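Source file: coords.txt. Holds: compact mmCIF, C-alpha atoms.
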# COMPACT_ATOMS: atom_id res chain seq x y z
CA MET A 229 64.72 93.49 68.52
CA ASP A 230 61.22 94.67 69.43
CA VAL A 231 62.32 97.26 71.98
CA PHE A 232 58.79 98.50 72.58
CA GLY A 233 57.52 94.95 73.04
CA GLU A 234 60.22 94.21 75.61
CA ALA A 235 59.12 97.19 77.69
CA LEU A 236 55.50 96.03 77.52
CA LYS A 237 56.48 92.52 78.62
CA ASP A 238 58.38 93.84 81.63
CA GLN A 239 55.50 96.12 82.62
CA TYR A 240 53.08 93.18 82.42
CA THR A 241 55.18 90.49 84.11
CA LYS A 242 57.34 92.39 86.61
CA PRO A 243 56.19 96.01 86.94
CA PRO A 244 57.31 98.65 86.90
CA ALA A 245 59.24 98.52 83.64
CA GLU A 246 62.46 100.49 83.34
CA THR A 247 62.42 103.81 81.53
CA LEU A 248 61.28 103.67 77.90
CA TRP A 249 62.85 106.51 75.93
CA VAL A 250 61.40 107.87 72.71
CA HIS A 251 63.95 109.56 70.46
CA ASN A 252 62.53 111.92 67.86
CA SER A 253 63.69 113.94 64.88
CA TYR A 254 62.67 117.33 66.24
CA ASP A 255 63.76 117.60 69.89
CA GLU A 256 65.38 115.89 72.85
CA PRO A 257 64.42 112.28 73.77
CA GLU A 258 61.32 111.96 75.94
CA GLU A 259 60.43 109.46 78.63
CA MET A 260 57.34 107.38 77.86
CA PRO A 261 55.61 105.91 80.93
CA VAL A 262 54.95 102.27 79.97
CA ASP A 263 52.01 101.97 82.35
CA ILE A 264 50.04 104.37 80.12
CA TYR A 265 49.38 101.43 77.79
CA PHE A 266 47.72 99.48 80.61
CA ARG A 267 45.14 102.11 81.55
CA ASN A 268 41.58 101.23 82.51
CA GLU A 269 38.51 103.18 81.44
CA SER A 270 38.56 105.52 84.43
CA GLU A 271 42.13 106.58 83.58
CA MET A 272 41.46 107.46 79.94
CA PRO A 273 41.08 111.06 78.73
CA GLU A 274 37.79 112.40 77.41
CA LEU A 275 38.98 112.19 73.82
CA GLU A 276 39.55 108.44 74.03
CA LEU A 277 36.25 107.82 75.80
CA LYS A 278 34.43 109.73 73.06
CA ALA A 279 36.22 107.63 70.47
CA LEU A 280 35.07 104.41 72.15
CA ASP A 281 31.50 105.71 72.19
CA LEU A 282 31.65 106.26 68.41
CA CYS A 283 32.54 102.63 67.72
CA LYS A 284 29.91 100.42 66.12
CA GLY A 285 29.49 97.00 64.56
CA LYS A 286 32.50 94.80 63.93
CA ILE A 287 35.60 96.67 65.11
CA LEU A 288 39.32 96.45 64.37
CA ASP A 289 41.48 98.30 66.92
CA VAL A 290 44.64 99.06 64.95
CA GLY A 291 47.88 99.51 66.85
CA ALA A 292 46.03 98.16 69.86
CA GLY A 293 49.11 97.79 72.05
CA VAL A 294 48.17 95.60 75.00
CA GLY A 295 44.48 95.89 74.20
CA SER A 296 43.27 98.44 76.73
CA HIS A 297 40.72 100.04 74.38
CA ALA A 298 39.72 96.75 72.76
CA LEU A 299 39.06 95.15 76.14
CA ILE A 300 36.61 97.92 77.03
CA LEU A 301 34.79 97.43 73.74
CA GLN A 302 34.72 93.67 74.32
CA GLN A 303 33.21 94.25 77.75
CA ARG A 304 30.54 96.38 76.07
CA GLY A 305 29.59 93.40 73.93
CA PHE A 306 31.23 94.34 70.64
CA ASN A 307 32.86 91.97 68.19
CA VAL A 308 36.31 93.54 68.43
CA THR A 309 39.75 92.45 67.24
CA GLY A 310 43.01 93.99 68.40
CA MET A 311 45.83 94.27 65.87
CA ASP A 312 49.42 95.20 66.53
CA ILE A 313 52.70 94.80 64.68
CA SER A 314 54.41 93.80 67.96
CA ALA A 315 54.24 90.08 68.75
CA PRO A 316 54.72 90.61 72.53
CA ALA A 317 51.88 93.14 72.52
CA VAL A 318 49.56 90.64 70.83
CA GLN A 319 50.51 87.93 73.33
CA ILE A 320 49.77 90.28 76.24
CA MET A 321 46.41 91.21 74.71
CA LYS A 322 45.46 87.54 74.72
CA GLN A 323 46.74 87.03 78.25
CA ARG A 324 44.68 90.00 79.42
CA GLY A 325 41.55 88.34 78.06
CA LEU A 326 41.03 89.77 74.58
CA LYS A 327 39.38 86.99 72.59
CA GLN A 328 40.52 88.18 69.15
CA ALA A 329 44.06 89.52 68.75
CA ILE A 330 46.20 89.37 65.61
CA GLU A 331 49.74 90.33 64.70
CA GLY A 332 49.68 92.34 61.51
CA ASN A 333 50.35 95.50 59.53
CA ILE A 334 47.21 97.41 58.52
CA LEU A 335 49.03 98.80 55.47
CA LYS A 336 49.18 95.26 54.05
CA TYR A 337 46.08 93.76 55.63
CA LYS A 338 43.18 92.57 53.48
CA ASP A 339 41.70 89.54 55.24
CA GLN A 340 38.38 90.84 56.58
CA LYS A 341 35.98 93.79 56.49
CA TYR A 342 34.88 95.86 59.47
CA ASP A 343 32.36 98.53 60.40
CA THR A 344 34.84 100.55 62.49
CA LEU A 345 38.60 100.91 62.23
CA LEU A 346 39.86 102.49 65.44
CA PHE A 347 43.29 104.14 65.78
CA MET A 348 44.04 105.51 69.25
CA MET A 349 47.03 107.45 70.59
CA ASN A 350 47.65 108.91 67.13
CA GLY A 351 47.73 105.44 65.61
CA ILE A 352 46.91 106.90 62.19
CA GLY A 353 50.48 108.21 62.32
CA LEU A 354 51.72 104.80 61.18
CA THR A 355 50.94 105.90 57.61
CA GLY A 356 54.20 107.85 57.98
CA SER A 357 53.86 110.70 55.50
CA ILE A 358 51.40 112.69 53.41
CA PRO A 359 51.82 110.29 50.43
CA GLY A 360 51.46 107.37 52.84
CA LEU A 361 48.27 108.78 54.31
CA LYS A 362 46.85 109.41 50.83
CA ALA A 363 47.58 105.83 49.79
CA PHE A 364 46.10 104.50 53.00
CA LEU A 365 42.85 106.41 52.59
CA LYS A 366 42.41 104.75 49.21
CA HIS A 367 43.42 101.25 50.37
CA VAL A 368 41.41 101.20 53.58
CA LYS A 369 38.04 101.51 51.87
CA SER A 370 38.43 97.87 50.90
CA LEU A 371 38.51 96.94 54.61
CA LEU A 372 35.21 98.61 55.50
CA ASN A 373 31.64 97.42 55.11
CA PRO A 374 29.09 99.84 53.60
CA GLY A 375 28.52 102.62 56.12
CA GLY A 376 31.87 101.91 57.76
CA GLN A 377 34.05 104.50 59.50
CA LEU A 378 37.57 105.44 60.52
CA VAL A 379 37.87 106.82 64.06
CA PHE A 380 41.21 108.29 65.13
CA ASP A 381 42.96 111.13 66.89
CA SER A 382 45.85 113.25 65.70
CA SER A 383 47.60 116.53 66.51
CA ASP A 384 48.62 119.77 64.85
CA LEU A 385 52.38 120.09 65.36
CA SER A 386 52.61 123.68 64.13
CA TYR A 387 53.13 124.75 67.75
CA LEU A 388 56.63 123.24 67.56
CA TYR A 389 57.59 125.90 65.03
CA GLN A 390 56.67 129.03 66.92
CA GLU A 391 60.34 129.92 67.39
CA ILE A 392 61.99 127.93 64.62
CA PRO A 393 61.26 127.84 60.88
CA PHE A 394 59.03 125.21 59.35
CA PRO A 395 60.88 122.40 57.55
CA SER A 396 61.94 123.35 54.04
CA ASN A 397 61.37 119.81 52.78
CA GLY A 398 58.19 117.85 53.42
CA TYR A 399 55.15 118.39 55.59
CA PHE A 400 55.80 119.78 59.06
CA GLY A 401 53.90 116.94 60.75
CA GLU A 402 56.16 114.23 59.31
CA VAL A 403 58.59 113.08 62.00
CA SER A 404 60.70 110.06 62.91
CA PHE A 405 60.92 108.09 66.15
CA ARG A 406 62.93 105.29 67.70
CA TYR A 407 62.51 103.53 71.04
CA GLU A 408 65.29 102.91 73.56
CA TYR A 409 64.87 100.45 76.42
CA LYS A 410 67.58 99.10 78.71
CA SER A 411 70.17 100.90 76.55
CA ILE A 412 69.00 99.03 73.44
CA LYS A 413 67.80 101.24 70.59
CA GLY A 414 65.29 100.13 68.00
CA ASN A 415 65.18 101.18 64.37
CA TRP A 416 63.94 104.61 63.31
CA PHE A 417 60.41 104.66 61.92
CA LYS A 418 58.39 107.37 60.21
CA TRP A 419 55.27 108.86 61.79
CA ILE A 420 52.85 111.61 60.85
CA TYR A 421 50.73 114.06 62.81
CA VAL A 422 48.21 115.73 60.52
CA ASP A 423 46.46 119.04 61.14
CA GLN A 424 42.69 119.25 60.67
CA LYS A 425 42.67 121.25 57.43
CA THR A 426 45.24 119.02 55.74
CA LEU A 427 43.34 115.93 56.84
CA THR A 428 40.02 117.29 55.59
CA ASP A 429 41.52 118.22 52.22
CA LEU A 430 43.25 114.86 51.76
CA ALA A 431 40.16 112.95 52.81
CA LYS A 432 37.98 114.89 50.39
CA GLU A 433 40.35 114.05 47.52
CA SER A 434 39.83 110.36 48.28
CA GLY A 435 36.06 110.59 48.66
CA TRP A 436 35.84 110.71 52.45
CA THR A 437 33.79 113.04 54.63
CA THR A 438 35.56 114.31 57.74
CA GLU A 439 33.87 115.16 61.03
CA ILE A 440 35.92 116.69 63.85
CA ILE A 441 34.20 115.21 66.89
CA PHE A 442 36.27 116.68 69.70
CA GLU A 443 39.20 119.01 70.40
CA ASP A 444 41.06 118.80 73.69
CA GLY A 445 42.41 122.36 73.69
CA GLN A 446 46.01 121.10 73.42
CA ASP A 447 46.27 120.79 69.63
CA GLN A 448 44.84 117.25 69.70
CA TYR A 449 41.55 116.30 68.07
CA LEU A 450 39.30 113.32 67.38
CA ALA A 451 38.13 112.69 63.81
CA ARG A 452 35.56 110.41 62.20
CA LEU A 453 35.85 109.67 58.47
CA THR A 454 33.09 108.11 56.38
CA PHE A 455 32.57 107.62 52.64

How would this structure read if it were set down as structure tokens?
Amino acid sequence: MDVFGEALKDQYTKPPAETLWVHNSYDEPEEMPVDIYFRNESEMPELELKALDLCKGKILDVGAGVGSHALILQQRGFNVTGMDISAPAVQIMKQRGLKQAIEGNILKYKDQKYDTLLFMMNGIGLTGSIPGLKAFLKHVKSLLNPGGQLVFDSSDLSYLYQEIPFPSNGYFGEVSFRYEYKSIKGNWFKWIYVDQKTLTDLAKESGWTTEIIFEDGQDQYLARLTF
């Protein structure tokens, strides 16, 4: 069952949705406000607004959710497509007025080329691990036109380990999540938060240039990668 998608459907059709819980591999479950996915431009943080301003050309918004960022780009006149792995999310994007919305997995996608691949709300985390991110940085070049770019945000999770030791196995930013909605739990999935130095080093290995565009002062940053 698409637990996340069910919460989105409820928020869209009969708000407010019930509590969406996010279980994680490093701490207690956290409540995720579902309405955060339906924000308008005035409700978005500076980091996300800066990311939207970086977008150019033909754009693919990956992990677009219900299309909040893609809709803003569409209103600005861009040729933008929203992609999400959740079928209910894609349906809501279309119902909200996004002209181009597709259900898909960017790790397997190879249908078209773009000038900008946008990953908001740490969407780059879907690569799951350091090896996964490395493989993605090689694969994704085939999805970009000459002069294309990756625009995404991520976080440095080292702050979680101020009072506990770093993991003995694997990179400290590799975590796992599962959603719970109306007492139904989804499957665990891997996610990665990558610190700036690790990202820069990995990107360089794969022939990318990294620019850190913005830091929000809370361990989160906005990056732009070009090759």

Between CA of Gly351 (chain A) and CA of Asp281 (chain A), what is the spacing in Å?
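Rounded to one decimal, the two atoms are 17.5 Å apart.
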
Which neighbours of Leu361 (chain A) fall inside 12 Å, counting only C-alpha atoms, when residues of the same chain fewer than 6 positions from it are skipped, and could you give them as a PDB file with C-alpha atoms, in the coordinates of the input?
ATOM      1  CA  LEU A 335      49.030  98.800  55.470  1.00  0.00           C
ATOM      2  CA  GLY A 351      47.730 105.440  65.610  1.00  0.00           C
ATOM      3  CA  ILE A 352      46.910 106.900  62.190  1.00  0.00           C
ATOM      4  CA  GLY A 353      50.480 108.210  62.320  1.00  0.00           C
ATOM      5  CA  LEU A 354      51.720 104.800  61.180  1.00  0.00           C
ATOM      6  CA  THR A 355      50.940 105.900  57.610  1.00  0.00           C
ATOM      7  CA  HIS A 367      43.420 101.250  50.370  1.00  0.00           C
ATOM      8  CA  VAL A 368      41.410 101.200  53.580  1.00  0.00           C
ATOM      9  CA  TYR A 399      55.150 118.390  55.590  1.00  0.00           C
ATOM     10  CA  GLY A 401      53.900 116.940  60.750  1.00  0.00           C
ATOM     11  CA  GLU A 402      56.160 114.230  59.310  1.00  0.00           C
ATOM     12  CA  LYS A 418      58.390 107.370  60.210  1.00  0.00           C
ATOM     13  CA  TRP A 419      55.270 108.860  61.790  1.00  0.00           C
ATOM     14  CA  ILE A 420      52.850 111.610  60.850  1.00  0.00           C
ATOM     15  CA  TYR A 421      50.730 114.060  62.810  1.00  0.00           C
ATOM     16  CA  VAL A 422      48.210 115.730  60.520  1.00  0.00           C
ATOM     17  CA  THR A 426      45.240 119.020  55.740  1.00  0.00           C
ATOM     18  CA  LEU A 427      43.340 115.930  56.840  1.00  0.00           C
ATOM     19  CA  THR A 428      40.020 117.290  55.590  1.00  0.00           C
ATOM     20  CA  ASP A 429      41.520 118.220  52.220  1.00  0.00           C
ATOM     21  CA  LEU A 430      43.250 114.860  51.760  1.00  0.00           C
ATOM     22  CA  ALA A 431      40.160 112.950  52.810  1.00  0.00           C
ATOM     23  CA  GLU A 433      40.350 114.050  47.520  1.00  0.00           C
ATOM     24  CA  SER A 434      39.830 110.360  48.280  1.00  0.00           C
TER      25      SER A 434
END

Taking only C-alpha atoms into account, produce a table as a tab-separated table in which each residue of region 326-441 of chain A with an atom at most 12 Å from an atom of region 256-260 of chain A appears once, together with its shortest atom pair and the distance in Å to one decimal, ordered by chain and rising number.
residue	atom	partner	partner_atom	distance
A:Ser404	CA	A:Pro257	CA	11.7
A:Phe405	CA	A:Pro257	CA	9.4
A:Arg406	CA	A:Pro257	CA	9.4
A:Tyr407	CA	A:Pro257	CA	9.4
A:Glu408	CA	A:Pro257	CA	9.4
A:Tyr409	CA	A:Glu259	CA	10.3
A:Lys413	CA	A:Pro257	CA	12.0

Distance query 12 Å from (42.8, 118.8, 58.4) using all atoms listed in the file, result as a VMD selection string:
chain A and resid 358 381 to 385 401 421 to 432 437 to 440 447 to 453

Kindly extract all protein, DNA and RNA residues lying within 10 Å of the coordinates (60.8, 97.8, 76.3) given in the file, considering all atoms listed in the file, and supply them as a list of chain:residue names.
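Output: A:Met229, A:Asp230, A:Val231, A:Phe232, A:Gly233, A:Glu234, A:Ala235, A:Leu236, A:Lys237, A:Asp238, A:Gln239, A:Ala245, A:Glu246, A:Thr247, A:Leu248, A:Trp249, A:Val262, A:Tyr407, A:Glu408, A:Tyr409, A:Lys410, A:Ser411, A:Ile412, A:Lys413, A:Gly414.
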
Would you mind exporting C-alpha atoms of the selected residues as a compact mmCIF listing (two decimals), in the frame of the given file?
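Output saved as again-v5.txt:
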# COMPACT_ATOMS: atom_id res chain seq x y z
CA MET A 229 64.72 93.49 68.52
CA ASP A 230 61.22 94.67 69.43
CA VAL A 231 62.32 97.26 71.98
CA PHE A 232 58.79 98.50 72.58
CA GLY A 233 57.52 94.95 73.04
CA GLU A 234 60.22 94.21 75.61
CA ALA A 235 59.12 97.19 77.69
CA LEU A 236 55.50 96.03 77.52
CA LYS A 237 56.48 92.52 78.62
CA ASP A 238 58.38 93.84 81.63
CA GLN A 239 55.50 96.12 82.62
CA ALA A 245 59.24 98.52 83.64
CA GLU A 246 62.46 100.49 83.34
CA THR A 247 62.42 103.81 81.53
CA LEU A 248 61.28 103.67 77.90
CA TRP A 249 62.85 106.51 75.93
CA VAL A 262 54.95 102.27 79.97
CA TYR A 407 62.51 103.53 71.04
CA GLU A 408 65.29 102.91 73.56
CA TYR A 409 64.87 100.45 76.42
CA LYS A 410 67.58 99.10 78.71
CA SER A 411 70.17 100.90 76.55
CA ILE A 412 69.00 99.03 73.44
CA LYS A 413 67.80 101.24 70.59
CA GLY A 414 65.29 100.13 68.00

Hey, can you check how far CA of Gln319 (chain A) sits from CA of Pro243 (chain A)?
16.8 Å

Nearest to Ser357 (chain A): which of A:Val250, A:Val403, A:Val308, A:Met272 is it, counting all atoms listed in the file?
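Of all the options, A:Val403 lies closest to Ser357 (chain A).
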
For Thr344 (chain A), the closest of A:Ala298, A:Ala292, A:Leu275, A:Leu282 counting only C-alpha atoms is A:Leu282

Distance CA of Ile264 (chain A)-CA of Asn307 (chain A), one decimal place?
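Straight-line distance from CA of Ile264 (chain A) to CA of Asn307 (chain A) works out to 24.3 Å.
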
Here is a test: counting all atoms listed in the file, which residue of A:Pro244, A:Gly285, A:Gly375, A:Gly295 is nearest to Glu269 (chain A)?
A:Gly295

Using only C-alpha atoms, can you tell me which of A:Lys286, A:Lys242, A:Gly445, A:Gly435 comes closest to Lys362 (chain A)?
A:Gly435

Nearest-residue call for Ile334 (chain A), choices A:Leu378, A:Ile392, A:Leu371, A:Ala317, using all atoms listed in the file:
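With all atoms listed in the file as the atom set, the closest residue is A:Leu371.
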
Shortest interatomic distance to Phe380 (chain A) - which of A:Phe442, A:Met348, A:Ser296, A:Thr454, counting all atoms listed in the file
A:Met348
